[in-house]
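What follows is a set of notes on a single structure, which appears directly below.
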Amino acid sequence: MPDVRTPARPRPAATGGPSAAELLDFARRTSADAALVASLPLDPEGRTWIRLDGPGGSEAWLIGWPPGTGTGWHDHGGSYGAFAAAAGELTEQSLAAQLPTEGWKILELADGVDRQRKLAGGRGRAFGPHHVHQVLNLSEDTHAVSVHAYYPPLPLMRRYSRTGPVLRLEEVERPEDWR
């Protein structure tokens with residue numbers, strides 16, 4: 001399966017940050033670094049992570065996913081980004097709709113907005129600042145590892161619950177929650 005990419009985004013004019021395509025290239029190259037991937041401590045009970053220096057002032061993470069774990073529905077606080085699978089297989093469920101990043105607590109989603117893709121073996125995808133998704137390791141017995149990069153560095157993440165077509169804002173996490 002080919003990489004799923006969003007159109008290349010121009011560099012932010014004021015900051016000169018990396019494009020989404022550059023973040024994807026970084027995630028794919030980093031996911032191929034066998035020594036780095038092997039250095040991530042894996043926990044059978046929960047996700048583990050190491051913060052990395054991303055390109056051009058971006059934020060990056062190497063993340064380990066035990067079997068049966070996932071993120072839950074979330075956004076990236078207006079940052080754009082990319083991720084790539086380094087080991088195992090991840091499933092991304094996303095919404096093919098540009099949702100506002102602020103100003104709502106409950107949304108009813110239209111029919112046909114759900115998308116699902118599987119990512120393994122260095123495959124990745126880039127996404128824009130309004131992207132809402134969840135990432136899952138659906139394996140019953142295999143850890144997955146992935147590399148994620150965001151620009152600008154994540155100012156926050158909004159977490160959502162979903163019941164059928166209804167998406168509800170549940171909480172807002174700040175960077176100090178992830179350190």
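Going by the structure tokens order, chains are called A, B, ..., each with residues numbered from 1, while ligands are numbered from 1 in the order shown.
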Inset, instruction - Please run DSSP on the backbone and report, as a PyMOL selection string, all residues within segment 69-100 of chain A that come out as strand (DSSP E). - result: chain A and resi 73-74+80-87+89-95
Would you output that residue set with C-alpha atoms, as a PDB file, in the first residue's frame?
ATOM      1  CA  TRP A  73      -9.965  10.212  19.258  1.00  0.00           C
ATOM      2  CA  HIS A  74      -7.884  13.405  19.397  1.00  0.00           C
ATOM      3  CA  TYR A  80       0.192  19.722  11.399  1.00  0.00           C
ATOM      4  CA  GLY A  81       2.276  16.584  11.355  1.00  0.00           C
ATOM      5  CA  ALA A  82       3.131  13.123  10.160  1.00  0.00           C
ATOM      6  CA  PHE A  83       3.777   9.653  11.497  1.00  0.00           C
ATOM      7  CA  ALA A  84       5.265   6.406  10.254  1.00  0.00           C
ATOM      8  CA  ALA A  85       5.240   2.824  11.523  1.00  0.00           C
ATOM      9  CA  ALA A  86       8.654   1.492  12.550  1.00  0.00           C
ATOM     10  CA  ALA A  87       7.597  -1.979  13.767  1.00  0.00           C
ATOM     11  CA  GLU A  89       1.211  -2.493  12.267  1.00  0.00           C
ATOM     12  CA  LEU A  90      -0.941   0.445  13.298  1.00  0.00           C
ATOM     13  CA  THR A  91      -4.474   1.268  12.220  1.00  0.00           C
ATOM     14  CA  GLU A  92      -5.484   4.885  11.855  1.00  0.00           C
ATOM     15  CA  GLN A  93      -9.156   5.808  11.943  1.00  0.00           C
ATOM     16  CA  SER A  94      -9.706   9.385  10.841  1.00  0.00           C
ATOM     17  CA  LEU A  95     -12.352  11.804   9.688  1.00  0.00           C
TER      18      LEU A  95
END
Quick one: residues within 9 Å of Trp61 of chain A, only C-alpha atoms counted, chain neighbours fewer than 2 positions away excluded, as a PDB file with N, CA, C and O atoms, in the first residue's frame?
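So the final result, stored in around_12.pdb, reads:
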ATOM      1  N   TRP A  49       7.263   6.123  25.413  1.00  0.00           N
ATOM      2  CA  TRP A  49       7.692   7.087  24.415  1.00  0.00           C
ATOM      3  C   TRP A  49       9.013   7.712  24.803  1.00  0.00           C
ATOM      4  O   TRP A  49       9.389   7.748  25.963  1.00  0.00           O
ATOM      5  N   ILE A  50       9.676   8.211  23.784  1.00  0.00           N
ATOM      6  CA  ILE A  50      10.888   9.009  23.924  1.00  0.00           C
ATOM      7  C   ILE A  50      10.687  10.242  23.065  1.00  0.00           C
ATOM      8  O   ILE A  50      10.298  10.134  21.903  1.00  0.00           O
ATOM      9  N   ARG A  51      10.962  11.396  23.648  1.00  0.00           N
ATOM     10  CA  ARG A  51      10.877  12.630  22.862  1.00  0.00           C
ATOM     11  C   ARG A  51      12.141  12.772  22.023  1.00  0.00           C
ATOM     12  O   ARG A  51      13.242  12.528  22.507  1.00  0.00           O
ATOM     13  N   LEU A  52      11.969  13.174  20.767  1.00  0.00           N
ATOM     14  CA  LEU A  52      13.075  13.340  19.826  1.00  0.00           C
ATOM     15  C   LEU A  52      13.121  14.791  19.351  1.00  0.00           C
ATOM     16  O   LEU A  52      12.121  15.500  19.409  1.00  0.00           O
ATOM     17  N   ASP A  53      14.280  15.196  18.847  1.00  0.00           N
ATOM     18  CA  ASP A  53      14.383  16.493  18.188  1.00  0.00           C
ATOM     19  C   ASP A  53      13.956  16.315  16.739  1.00  0.00           C
ATOM     20  O   ASP A  53      14.567  15.539  16.003  1.00  0.00           O
ATOM     21  N   GLY A  54      12.903  16.988  16.348  1.00  0.00           N
ATOM     22  CA  GLY A  54      12.444  16.929  14.966  1.00  0.00           C
ATOM     23  C   GLY A  54      13.131  17.988  14.127  1.00  0.00           C
ATOM     24  O   GLY A  54      13.838  18.854  14.647  1.00  0.00           O
ATOM     25  N   GLU A  59       8.514  19.063  16.883  1.00  0.00           N
ATOM     26  CA  GLU A  59       8.501  18.139  18.018  1.00  0.00           C
ATOM     27  C   GLU A  59       8.311  16.742  17.456  1.00  0.00           C
ATOM     28  O   GLU A  59       7.506  16.534  16.554  1.00  0.00           O
ATOM     29  N   ILE A  63       7.196   6.172  19.749  1.00  0.00           N
ATOM     30  CA  ILE A  63       6.140   5.657  20.624  1.00  0.00           C
ATOM     31  C   ILE A  63       6.015   4.147  20.467  1.00  0.00           C
ATOM     32  O   ILE A  63       5.968   3.630  19.350  1.00  0.00           O
ATOM     33  N   SER A 146       6.197   3.496  16.457  1.00  0.00           N
ATOM     34  CA  SER A 146       6.020   4.502  15.412  1.00  0.00           C
ATOM     35  C   SER A 146       6.765   5.778  15.768  1.00  0.00           C
ATOM     36  O   SER A 146       7.132   6.001  16.922  1.00  0.00           O
ATOM     37  N   VAL A 147       6.968   6.618  14.746  1.00  0.00           N
ATOM     38  CA  VAL A 147       7.593   7.928  14.903  1.00  0.00           C
ATOM     39  C   VAL A 147       6.582   8.983  14.479  1.00  0.00           C
ATOM     40  O   VAL A 147       5.973   8.870  13.411  1.00  0.00           O
ATOM     41  N   HIS A 148       6.415  10.015  15.319  1.00  0.00           N
ATOM     42  CA  HIS A 148       5.456  11.092  15.066  1.00  0.00           C
ATOM     43  C   HIS A 148       6.196  12.415  15.122  1.00  0.00           C
ATOM     44  O   HIS A 148       7.075  12.595  15.967  1.00  0.00           O
ATOM     45  N   ALA A 149       5.835  13.364  14.254  1.00  0.00           N
ATOM     46  CA  ALA A 149       6.451  14.693  14.257  1.00  0.00           C
ATOM     47  C   ALA A 149       5.369  15.746  14.021  1.00  0.00           C
ATOM     48  O   ALA A 149       4.451  15.527  13.225  1.00  0.00           O
TER      49      ALA A 149
END
Dump as CSV the rows for residues of segment 67-106 of chain A within 10 Å of segment 154-163 of chain A: closest atom pair and distance in Å with one decimal, only C-alpha atoms counted, ordered by chain and rising residue number.
residue,atom,partner,partner_atom,distance
A:Thr71,CA,A:Arg159,CA,9.0
A:Gly72,CA,A:Arg159,CA,7.3
A:Trp73,CA,A:Tyr160,CA,5.1
A:His74,CA,A:Arg159,CA,4.4
A:Asp75,CA,A:Arg158,CA,5.5
A:His76,CA,A:Met157,CA,4.8
A:Gly77,CA,A:Leu156,CA,4.9
A:Gly78,CA,A:Pro155,CA,7.9
A:Ser79,CA,A:Leu154,CA,6.1
A:Tyr80,CA,A:Leu154,CA,8.9
A:Gly81,CA,A:Leu154,CA,9.6
A:Thr101,CA,A:Arg158,CA,8.7
A:Glu102,CA,A:Arg158,CA,9.5
A:Lys105,CA,A:Tyr160,CA,9.1
A:Ile106,CA,A:Tyr160,CA,9.3
Legend entry - Selection near Asp25 of chain A, 12 Å with only C-alpha atoms, sequence-local residues under 3 positions removed, as number ranges by chain: A: 3, 5, 8, 18-22, 28-32, 54-55, 81-84, 122-126, 147-149
Write the residues of the selection above to a file with C-alpha atoms, as a PDB file, in the first residue's frame.
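The resulting file, result-v4.pdb, is reproduced below:
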ATOM      1  CA  ASP A   3       1.959   6.134   1.690  1.00  0.00           C
ATOM      2  CA  ARG A   5      -0.117  11.929   2.034  1.00  0.00           C
ATOM      3  CA  ALA A   8       2.527  19.412   0.567  1.00  0.00           C
ATOM      4  CA  PRO A  18       9.219  22.261   8.063  1.00  0.00           C
ATOM      5  CA  SER A  19       6.431  21.295   5.665  1.00  0.00           C
ATOM      6  CA  ALA A  20       4.164  18.310   6.262  1.00  0.00           C
ATOM      7  CA  ALA A  21       6.090  16.464   3.534  1.00  0.00           C
ATOM      8  CA  GLU A  22       9.363  17.143   5.365  1.00  0.00           C
ATOM      9  CA  ARG A  28       9.986   7.576   7.658  1.00  0.00           C
ATOM     10  CA  ARG A  29      13.789   7.970   7.904  1.00  0.00           C
ATOM     11  CA  THR A  30      13.710   7.833  11.703  1.00  0.00           C
ATOM     12  CA  SER A  31      11.430   4.787  11.688  1.00  0.00           C
ATOM     13  CA  ALA A  32      14.144   2.987   9.673  1.00  0.00           C
ATOM     14  CA  GLY A  54      12.444  16.929  14.966  1.00  0.00           C
ATOM     15  CA  PRO A  55      13.559  18.936  11.949  1.00  0.00           C
ATOM     16  CA  GLY A  81       2.276  16.584  11.355  1.00  0.00           C
ATOM     17  CA  ALA A  82       3.131  13.123  10.160  1.00  0.00           C
ATOM     18  CA  PHE A  83       3.777   9.653  11.497  1.00  0.00           C
ATOM     19  CA  ALA A  84       5.265   6.406  10.254  1.00  0.00           C
ATOM     20  CA  GLY A 122       7.928   2.392   7.273  1.00  0.00           C
ATOM     21  CA  ARG A 123       4.607   3.460   5.770  1.00  0.00           C
ATOM     22  CA  GLY A 124       3.326   6.766   6.998  1.00  0.00           C
ATOM     23  CA  ARG A 125       1.061   9.700   6.397  1.00  0.00           C
ATOM     24  CA  ALA A 126       1.061  13.436   6.781  1.00  0.00           C
ATOM     25  CA  VAL A 147       7.593   7.928  14.903  1.00  0.00           C
ATOM     26  CA  HIS A 148       5.456  11.092  15.066  1.00  0.00           C
ATOM     27  CA  ALA A 149       6.451  14.693  14.257  1.00  0.00           C
TER      28      ALA A 149
END
Mind checking which residues fall within 10 Å of Gly57 of chain A, counting only C-alpha atoms, ignoring those fewer than 3 positions away in the same chain, and posting them as an mmCIF file with N, CA, C and O atoms, in the first residue's frame?
data_model
loop_
_atom_site.group_PDB
_atom_site.id
_atom_site.type_symbol
_atom_site.label_atom_id
_atom_site.label_comp_id
_atom_site.auth_asym_id
_atom_site.auth_seq_id
_atom_site.Cartn_x
_atom_site.Cartn_y
_atom_site.Cartn_z
ATOM 1 N N THR A 15 7.693 31.564 10.479
ATOM 2 C CA THR A 15 8.577 30.736 11.286
ATOM 3 C C THR A 15 9.574 29.937 10.471
ATOM 4 O O THR A 15 10.566 29.486 11.017
ATOM 5 N N GLY A 16 9.310 29.711 9.193
ATOM 6 C CA GLY A 16 10.212 28.907 8.388
ATOM 7 C C GLY A 16 10.250 27.458 8.809
ATOM 8 O O GLY A 16 11.242 26.775 8.583
ATOM 9 N N GLY A 17 9.203 26.954 9.425
ATOM 10 C CA GLY A 17 9.164 25.573 9.899
ATOM 11 C C GLY A 17 9.086 24.578 8.759
ATOM 12 O O GLY A 17 8.881 24.936 7.604
ATOM 13 N N PRO A 18 9.261 23.306 9.080
ATOM 14 C CA PRO A 18 9.219 22.261 8.063
ATOM 15 C C PRO A 18 7.810 22.073 7.507
ATOM 16 O O PRO A 18 6.819 22.322 8.190
ATOM 17 N N ASP A 53 14.280 15.196 18.847
ATOM 18 C CA ASP A 53 14.383 16.493 18.188
ATOM 19 C C ASP A 53 13.956 16.315 16.739
ATOM 20 O O ASP A 53 14.567 15.539 16.003
ATOM 21 N N GLY A 54 12.903 16.988 16.348
ATOM 22 C CA GLY A 54 12.444 16.929 14.966
ATOM 23 C C GLY A 54 13.131 17.988 14.127
ATOM 24 O O GLY A 54 13.838 18.854 14.647
ATOM 25 N N ALA A 60 9.029 15.761 18.001
ATOM 26 C CA ALA A 60 8.905 14.393 17.503
ATOM 27 C C ALA A 60 8.909 13.417 18.671
ATOM 28 O O ALA A 60 9.471 13.694 19.737
ATOM 29 N N TYR A 150 5.488 16.883 14.715
ATOM 30 C CA TYR A 150 4.472 17.932 14.669
ATOM 31 C C TYR A 150 5.126 19.307 14.560
ATOM 32 O O TYR A 150 6.151 19.572 15.188
ATOM 33 N N TYR A 151 4.475 20.181 13.802
ATOM 34 C CA TYR A 151 4.910 21.576 13.743
ATOM 35 C C TYR A 151 3.688 22.471 13.649
ATOM 36 O O TYR A 151 2.806 22.193 12.846
ATOM 37 N N PRO A 152 3.651 23.545 14.424
ATOM 38 C CA PRO A 152 4.587 23.833 15.498
ATOM 39 C C PRO A 152 4.472 22.781 16.597
ATOM 40 O O PRO A 152 3.507 22.004 16.613
ATOM 41 N N PRO A 153 5.456 22.732 17.524
ATOM 42 C CA PRO A 153 5.344 21.771 18.620
ATOM 43 C C PRO A 153 3.957 21.844 19.247
ATOM 44 O O PRO A 153 3.370 22.931 19.350
#
Taking the chain letters and numbering used in this document, name the residues of chain A that DSSP puts in alpha helix (DSSP H), as a compact mmCIF listing (two decimals) with N, CA, C and O atoms, in the first residue's frame.
# COMPACT_ATOMS: atom_id res chain seq x y z
N ALA A 20 4.69 19.63 5.91
CA ALA A 20 4.16 18.31 6.26
C ALA A 20 4.93 17.21 5.53
O ALA A 20 5.20 16.15 6.10
N ALA A 21 5.31 17.45 4.28
CA ALA A 21 6.09 16.46 3.53
C ALA A 21 7.45 16.24 4.18
O ALA A 21 7.95 15.11 4.23
N GLU A 22 8.07 17.29 4.68
CA GLU A 22 9.36 17.14 5.36
C GLU A 22 9.20 16.39 6.68
O GLU A 22 10.08 15.59 7.05
N LEU A 23 8.11 16.62 7.39
CA LEU A 23 7.86 15.87 8.61
C LEU A 23 7.66 14.39 8.31
O LEU A 23 8.15 13.52 9.03
N LEU A 24 6.95 14.10 7.21
CA LEU A 24 6.76 12.70 6.82
C LEU A 24 8.09 12.05 6.45
O LEU A 24 8.37 10.92 6.86
N ASP A 25 8.92 12.77 5.72
CA ASP A 25 10.23 12.23 5.36
C ASP A 25 11.05 11.94 6.62
O ASP A 25 11.67 10.88 6.75
N PHE A 26 11.04 12.85 7.59
CA PHE A 26 11.73 12.64 8.85
C PHE A 26 11.19 11.40 9.56
O PHE A 26 11.95 10.55 10.05
N ALA A 27 9.86 11.28 9.67
CA ALA A 27 9.26 10.14 10.36
C ALA A 27 9.64 8.83 9.69
O ALA A 27 9.98 7.85 10.36
N ARG A 28 9.63 8.81 8.37
CA ARG A 28 9.99 7.58 7.66
C ARG A 28 11.46 7.23 7.85
O ARG A 28 11.82 6.07 8.09
N ARG A 29 12.35 8.23 7.72
CA ARG A 29 13.79 7.97 7.90
C ARG A 29 14.09 7.52 9.33
O ARG A 29 14.86 6.59 9.56
N THR A 30 13.47 8.17 10.30
CA THR A 30 13.71 7.83 11.70
C THR A 30 13.15 6.46 12.03
O THR A 30 13.75 5.70 12.79
N SER A 31 12.01 6.11 11.43
CA SER A 31 11.43 4.79 11.69
C SER A 31 12.32 3.67 11.15
O SER A 31 12.21 2.52 11.60
N ALA A 34 17.09 1.30 13.08
CA ALA A 34 16.89 0.10 13.89
C ALA A 34 17.42 0.27 15.31
O ALA A 34 16.79 -0.20 16.28
N ALA A 35 18.57 0.91 15.48
CA ALA A 35 19.14 1.09 16.82
C ALA A 35 18.25 1.98 17.68
O ALA A 35 18.02 1.70 18.86
N LEU A 36 17.74 3.06 17.10
CA LEU A 36 16.84 3.94 17.85
C LEU A 36 15.57 3.20 18.23
O LEU A 36 15.13 3.26 19.39
N VAL A 37 14.97 2.52 17.28
CA VAL A 37 13.73 1.79 17.55
C VAL A 37 13.95 0.76 18.66
O VAL A 37 13.15 0.62 19.58
N ALA A 38 15.08 0.05 18.61
CA ALA A 38 15.40 -0.97 19.62
C ALA A 38 15.66 -0.36 20.99
O ALA A 38 15.53 -1.05 22.01
N SER A 39 16.02 0.94 21.05
CA SER A 39 16.32 1.58 22.33
C SER A 39 15.07 1.93 23.13
O SER A 39 15.15 2.25 24.31
Inset, instruction - Please provide the set of residues having any atom within 9 Å of Pro44 of chain A, restricted to only C-alpha atoms, with same-chain residues fewer than 2 positions apart removed, written as a list in words. - result: Leu42, Gly46, Arg47, Trp65, Pro66, Pro67 and His143 of chain A
